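**Student:** For reference, this is work_19.cif, and it has mmCIF, N, CA and C atoms.
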```cif
data_my_file
loop_
_atom_site.label_atom_id
_atom_site.label_comp_id
_atom_site.auth_asym_id
_atom_site.auth_seq_id
_atom_site.Cartn_x
_atom_site.Cartn_y
_atom_site.Cartn_z
N MET A 236 78.27 66.19 -34.76
CA MET A 236 78.50 67.17 -33.72
C MET A 236 78.46 66.46 -32.37
N VAL A 237 79.31 66.86 -31.49
CA VAL A 237 79.36 66.29 -30.14
C VAL A 237 78.58 67.21 -29.20
N ASP A 238 77.60 66.65 -28.54
CA ASP A 238 76.74 67.39 -27.63
C ASP A 238 77.09 66.99 -26.20
N PHE A 239 77.53 67.96 -25.41
CA PHE A 239 77.95 67.70 -24.04
C PHE A 239 76.86 67.97 -23.01
N SER A 240 75.64 68.22 -23.46
CA SER A 240 74.57 68.49 -22.50
C SER A 240 74.33 67.33 -21.53
N PRO A 241 74.53 66.05 -21.95
CA PRO A 241 74.41 64.98 -20.95
C PRO A 241 75.41 65.11 -19.80
N LEU A 242 76.60 65.61 -20.09
CA LEU A 242 77.60 65.81 -19.04
C LEU A 242 77.12 66.83 -18.03
N LEU A 243 76.58 67.93 -18.52
CA LEU A 243 76.10 68.98 -17.61
C LEU A 243 74.95 68.46 -16.76
N GLN A 244 74.07 67.66 -17.33
CA GLN A 244 72.96 67.07 -16.58
C GLN A 244 73.48 66.09 -15.53
N THR A 245 74.45 65.27 -15.91
CA THR A 245 75.04 64.30 -14.98
C THR A 245 75.71 65.01 -13.81
N LEU A 246 76.46 66.06 -14.12
CA LEU A 246 77.11 66.83 -13.04
C LEU A 246 76.06 67.39 -12.09
N SER A 247 74.99 67.93 -12.63
CA SER A 247 73.91 68.49 -11.81
C SER A 247 73.30 67.42 -10.91
N GLU A 248 73.03 66.26 -11.48
CA GLU A 248 72.44 65.15 -10.72
C GLU A 248 73.34 64.71 -9.57
N LYS A 249 74.64 64.82 -9.77
CA LYS A 249 75.60 64.39 -8.76
C LYS A 249 76.01 65.52 -7.82
N GLY A 250 75.40 66.71 -8.02
CA GLY A 250 75.74 67.84 -7.17
C GLY A 250 77.15 68.35 -7.40
N MET A 251 77.62 68.23 -8.62
CA MET A 251 78.98 68.63 -8.96
C MET A 251 78.96 69.79 -9.94
N LYS A 252 80.12 70.40 -10.12
CA LYS A 252 80.30 71.49 -11.08
C LYS A 252 81.38 71.09 -12.07
N MET A 253 81.43 71.80 -13.19
CA MET A 253 82.44 71.52 -14.21
C MET A 253 83.84 71.61 -13.60
N SER A 254 84.05 72.51 -12.67
CA SER A 254 85.37 72.66 -12.06
C SER A 254 85.80 71.40 -11.30
N ASP A 255 84.86 70.54 -10.95
CA ASP A 255 85.20 69.28 -10.29
C ASP A 255 85.92 68.32 -11.22
N LEU A 256 85.90 68.62 -12.52
CA LEU A 256 86.57 67.78 -13.51
C LEU A 256 87.98 68.28 -13.82
N ARG A 257 88.45 69.22 -13.06
CA ARG A 257 89.75 69.86 -13.29
C ARG A 257 90.89 68.84 -13.39
N GLN A 258 90.78 67.76 -12.65
CA GLN A 258 91.86 66.76 -12.64
C GLN A 258 91.91 65.92 -13.91
N VAL A 259 90.83 65.93 -14.71
CA VAL A 259 90.82 65.11 -15.92
C VAL A 259 90.60 65.90 -17.20
N MET A 260 90.34 67.20 -17.09
CA MET A 260 90.04 68.01 -18.27
C MET A 260 90.61 69.42 -18.09
N SER A 261 91.18 69.96 -19.14
CA SER A 261 91.76 71.30 -19.06
C SER A 261 90.68 72.36 -18.87
N SER A 262 91.07 73.47 -18.30
CA SER A 262 90.12 74.56 -18.08
C SER A 262 89.62 75.15 -19.39
N SER A 263 90.45 75.12 -20.42
CA SER A 263 90.01 75.65 -21.72
C SER A 263 88.93 74.76 -22.34
N THR A 264 89.06 73.45 -22.18
CA THR A 264 88.02 72.53 -22.67
C THR A 264 86.74 72.72 -21.87
N GLN A 265 86.87 72.89 -20.57
CA GLN A 265 85.70 73.14 -19.73
C GLN A 265 84.98 74.40 -20.19
N ALA A 266 85.72 75.45 -20.47
CA ALA A 266 85.11 76.71 -20.90
C ALA A 266 84.39 76.56 -22.24
N LYS A 267 84.97 75.80 -23.16
CA LYS A 267 84.32 75.57 -24.46
C LYS A 267 83.00 74.84 -24.29
N ILE A 268 82.99 73.85 -23.42
CA ILE A 268 81.77 73.08 -23.19
C ILE A 268 80.70 73.95 -22.54
N LEU A 269 81.10 74.76 -21.57
CA LEU A 269 80.13 75.62 -20.90
C LEU A 269 79.59 76.71 -21.82
N LYS A 270 80.42 77.20 -22.72
CA LYS A 270 80.01 78.27 -23.63
C LYS A 270 79.03 77.75 -24.67
N ASN A 271 79.32 76.61 -25.24
CA ASN A 271 78.49 76.06 -26.30
C ASN A 271 78.43 74.55 -26.11
N HIS A 272 77.33 74.04 -25.62
CA HIS A 272 77.21 72.63 -25.28
C HIS A 272 77.41 71.71 -26.47
N LYS A 273 77.20 72.22 -27.67
CA LYS A 273 77.41 71.42 -28.87
C LYS A 273 78.68 71.91 -29.55
N VAL A 274 79.63 71.03 -29.69
CA VAL A 274 80.93 71.39 -30.22
C VAL A 274 81.19 70.59 -31.49
N SER A 275 81.23 71.29 -32.63
CA SER A 275 81.42 70.59 -33.90
C SER A 275 82.87 70.22 -34.15
N ASP A 276 83.79 70.98 -33.59
CA ASP A 276 85.20 70.70 -33.83
C ASP A 276 85.89 70.12 -32.60
N SER A 277 85.11 69.40 -31.81
CA SER A 277 85.64 68.84 -30.58
C SER A 277 86.74 67.83 -30.87
N LYS A 278 87.83 67.95 -30.16
CA LYS A 278 88.96 67.04 -30.34
C LYS A 278 89.35 66.43 -29.00
N MET A 279 88.36 66.18 -28.16
CA MET A 279 88.64 65.57 -26.87
C MET A 279 89.20 64.16 -27.11
N ARG A 280 90.23 63.87 -26.41
CA ARG A 280 90.85 62.56 -26.55
C ARG A 280 89.96 61.51 -25.90
N LEU A 281 89.99 60.33 -26.48
CA LEU A 281 89.20 59.22 -25.95
C LEU A 281 89.61 58.91 -24.51
N GLY A 282 90.89 59.06 -24.23
CA GLY A 282 91.37 58.83 -22.87
C GLY A 282 90.77 59.80 -21.87
N THR A 283 90.56 61.05 -22.30
CA THR A 283 89.93 62.05 -21.44
C THR A 283 88.48 61.68 -21.18
N LEU A 284 87.80 61.26 -22.22
CA LEU A 284 86.41 60.83 -22.08
C LEU A 284 86.32 59.65 -21.12
N GLU A 285 87.26 58.72 -21.23
CA GLU A 285 87.29 57.57 -20.32
C GLU A 285 87.50 58.02 -18.88
N LYS A 286 88.39 58.99 -18.67
CA LYS A 286 88.66 59.50 -17.31
C LYS A 286 87.43 60.16 -16.73
N ILE A 287 86.70 60.91 -17.55
CA ILE A 287 85.48 61.57 -17.08
C ILE A 287 84.46 60.51 -16.65
N CYS A 288 84.25 59.51 -17.50
CA CYS A 288 83.29 58.44 -17.19
C CYS A 288 83.69 57.70 -15.92
N THR A 289 84.98 57.44 -15.77
CA THR A 289 85.47 56.73 -14.59
C THR A 289 85.30 57.57 -13.33
N LEU A 290 85.66 58.84 -13.41
CA LEU A 290 85.53 59.74 -12.27
C LEU A 290 84.08 59.86 -11.82
N LEU A 291 83.17 59.99 -12.79
CA LEU A 291 81.75 60.15 -12.47
C LEU A 291 81.03 58.81 -12.27
N ASP A 292 81.71 57.71 -12.62
CA ASP A 292 81.14 56.37 -12.52
C ASP A 292 79.85 56.27 -13.33
N VAL A 293 79.95 56.67 -14.61
CA VAL A 293 78.80 56.65 -15.52
C VAL A 293 79.21 56.12 -16.88
N PRO A 294 78.25 55.62 -17.67
CA PRO A 294 78.56 55.23 -19.05
C PRO A 294 78.73 56.46 -19.93
N VAL A 295 79.32 56.28 -21.08
CA VAL A 295 79.60 57.40 -21.98
C VAL A 295 78.34 58.17 -22.38
N GLU A 296 77.20 57.49 -22.41
CA GLU A 296 75.94 58.15 -22.77
C GLU A 296 75.53 59.24 -21.79
N LYS A 297 76.09 59.20 -20.58
CA LYS A 297 75.80 60.22 -19.58
C LYS A 297 76.77 61.40 -19.68
N VAL A 298 77.68 61.34 -20.67
CA VAL A 298 78.66 62.40 -20.85
C VAL A 298 78.48 63.10 -22.19
N ILE A 299 78.29 62.35 -23.26
CA ILE A 299 78.12 62.96 -24.59
C ILE A 299 77.02 62.26 -25.36
N LYS A 300 76.55 62.96 -26.39
CA LYS A 300 75.73 62.31 -27.41
C LYS A 300 76.14 62.91 -28.74
N ILE A 301 76.04 62.11 -29.77
CA ILE A 301 76.44 62.54 -31.10
C ILE A 301 75.17 62.93 -31.87
N THR A 302 75.19 64.12 -32.47
CA THR A 302 74.04 64.60 -33.23
C THR A 302 74.50 65.01 -34.63
N LYS A 303 73.54 65.10 -35.53
CA LYS A 303 73.85 65.60 -36.86
C LYS A 303 74.07 67.10 -36.78
N ASP A 304 74.91 67.62 -37.67
CA ASP A 304 75.18 69.07 -37.70
C ASP A 304 73.95 69.77 -38.01
#
```
So that I can check it, write out the structure of this file as structure tokens.

**Tutor:**
Amino acid sequence: MVDFSPLLQTLSEKGMKMSDLRQVMSSSTQAKILKNHKVSDSKMRLGTLEKICTLLDVPVEKVIKITKD
């Protein structure tokens, strides 16, 4: 399962909101993450993950963590 709670924490630390990621992530993906921080059927492209990390200037660990179902 992909857990996006690190992303929400990172955004908070940087004084940002999910909507600040509009340029690198669709609004439907943003809504899914906000609704349920753990997404079992997540199909985010690796390129999108890279763009998020680059935009926020953080390692991938500050965006997602992988957990057992």

**Student:** Give as a list in words the residues that the PyMOL selection byres ((chain A and resi 255-264) around 8) matches when applied to the coordinates above.

**Tutor:**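 Those residues are Met251, Lys252, Met253, Ser254, Gln265, Ala266, Lys267, Ile268, Leu269, Lys270, Gly282, Thr283, Leu284, Lys286 and Ile287 of chain A.
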
**Student:** Using the file's own x, y and z axes, so that the box edges lie along x, y and z, what centre and edge lengths in Å (one decimal) does a box around every listed atom of region 287-299 of chain A get when 3 Å is added on each side? Give it as JSON.

**Tutor:**
```
{"center_x": 81.1, "center_y": 59.2, "center_z": -18.6, "size_x": 17.2, "size_y": 13.9, "size_z": 19.5}
```

**Student:** Do you know which residues the PyMOL selection byres ((chain A and resi 236-244) around 8) returns on this file, as a ChimeraX atom specification?

**Tutor:** /A:245-250,252-253,268,271-277,295-304

**Student:** Restricting it to N, CA and C atoms, dump the selection as a compact mmCIF listing (two decimals), keeping the file's coordinate frame.

**Tutor:**
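Contents of the output file part16.txt:
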```txt
# COMPACT_ATOMS: atom_id res chain seq x y z
N THR A 245 74.45 65.27 -15.91
CA THR A 245 75.04 64.30 -14.98
C THR A 245 75.71 65.01 -13.81
N LEU A 246 76.46 66.06 -14.12
CA LEU A 246 77.11 66.83 -13.04
C LEU A 246 76.06 67.39 -12.09
N SER A 247 74.99 67.93 -12.63
CA SER A 247 73.91 68.49 -11.81
C SER A 247 73.30 67.42 -10.91
N GLU A 248 73.03 66.26 -11.48
CA GLU A 248 72.44 65.15 -10.72
C GLU A 248 73.34 64.71 -9.57
N LYS A 249 74.64 64.82 -9.77
CA LYS A 249 75.60 64.39 -8.76
C LYS A 249 76.01 65.52 -7.82
N GLY A 250 75.40 66.71 -8.02
CA GLY A 250 75.74 67.84 -7.17
C GLY A 250 77.15 68.35 -7.40
N LYS A 252 80.12 70.40 -10.12
CA LYS A 252 80.30 71.49 -11.08
C LYS A 252 81.38 71.09 -12.07
N MET A 253 81.43 71.80 -13.19
CA MET A 253 82.44 71.52 -14.21
C MET A 253 83.84 71.61 -13.60
N ILE A 268 82.99 73.85 -23.42
CA ILE A 268 81.77 73.08 -23.19
C ILE A 268 80.70 73.95 -22.54
N ASN A 271 79.32 76.61 -25.24
CA ASN A 271 78.49 76.06 -26.30
C ASN A 271 78.43 74.55 -26.11
N HIS A 272 77.33 74.04 -25.62
CA HIS A 272 77.21 72.63 -25.28
C HIS A 272 77.41 71.71 -26.47
N LYS A 273 77.20 72.22 -27.67
CA LYS A 273 77.41 71.42 -28.87
C LYS A 273 78.68 71.91 -29.55
N VAL A 274 79.63 71.03 -29.69
CA VAL A 274 80.93 71.39 -30.22
C VAL A 274 81.19 70.59 -31.49
N SER A 275 81.23 71.29 -32.63
CA SER A 275 81.42 70.59 -33.90
C SER A 275 82.87 70.22 -34.15
N ASP A 276 83.79 70.98 -33.59
CA ASP A 276 85.20 70.70 -33.83
C ASP A 276 85.89 70.12 -32.60
N SER A 277 85.11 69.40 -31.81
CA SER A 277 85.64 68.84 -30.58
C SER A 277 86.74 67.83 -30.87
N VAL A 295 79.32 56.28 -21.08
CA VAL A 295 79.60 57.40 -21.98
C VAL A 295 78.34 58.17 -22.38
N GLU A 296 77.20 57.49 -22.41
CA GLU A 296 75.94 58.15 -22.77
C GLU A 296 75.53 59.24 -21.79
N LYS A 297 76.09 59.20 -20.58
CA LYS A 297 75.80 60.22 -19.58
C LYS A 297 76.77 61.40 -19.68
N VAL A 298 77.68 61.34 -20.67
CA VAL A 298 78.66 62.40 -20.85
C VAL A 298 78.48 63.10 -22.19
N ILE A 299 78.29 62.35 -23.26
CA ILE A 299 78.12 62.96 -24.59
C ILE A 299 77.02 62.26 -25.36
N LYS A 300 76.55 62.96 -26.39
CA LYS A 300 75.73 62.31 -27.41
C LYS A 300 76.14 62.91 -28.74
N ILE A 301 76.04 62.11 -29.77
CA ILE A 301 76.44 62.54 -31.10
C ILE A 301 75.17 62.93 -31.87
N THR A 302 75.19 64.12 -32.47
CA THR A 302 74.04 64.60 -33.23
C THR A 302 74.50 65.01 -34.63
N LYS A 303 73.54 65.10 -35.53
CA LYS A 303 73.85 65.60 -36.86
C LYS A 303 74.07 67.10 -36.78
N ASP A 304 74.91 67.62 -37.67
CA ASP A 304 75.18 69.07 -37.70
C ASP A 304 73.95 69.77 -38.01
```

**Student:** Among chain A, which residues does DSSP mark as strand (DSSP E or B) when it is run on the backbone? Keep the chain and numbering as in the structure and answer as a list in words.

**Tutor:** Val237, Asp238, Lys273, Val274, Lys300 and Ile301 of chain A

**Student:** Just asking: which residues within chain A are alpha helix (DSSP H) according to DSSP, as a PyMOL selection string?

**Tutor:** chain A and resi 240-248+262-270+281-291

**Student:** Just give me the gap between atom C of Asp292 (chain A) and atom N of Met279 (chain A) in Å, one decimal is fine.

**Tutor:**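 It comes out at 19.8 Å.
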
**Student:** Quote the spacing between CA of Arg280 (chain A) and CA of Val293 (chain A) in Å to one decimal place.

**Tutor:**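 Answer for the CA of Arg280 (chain A) to CA of Val293 (chain A) separation: 17.4 Å.
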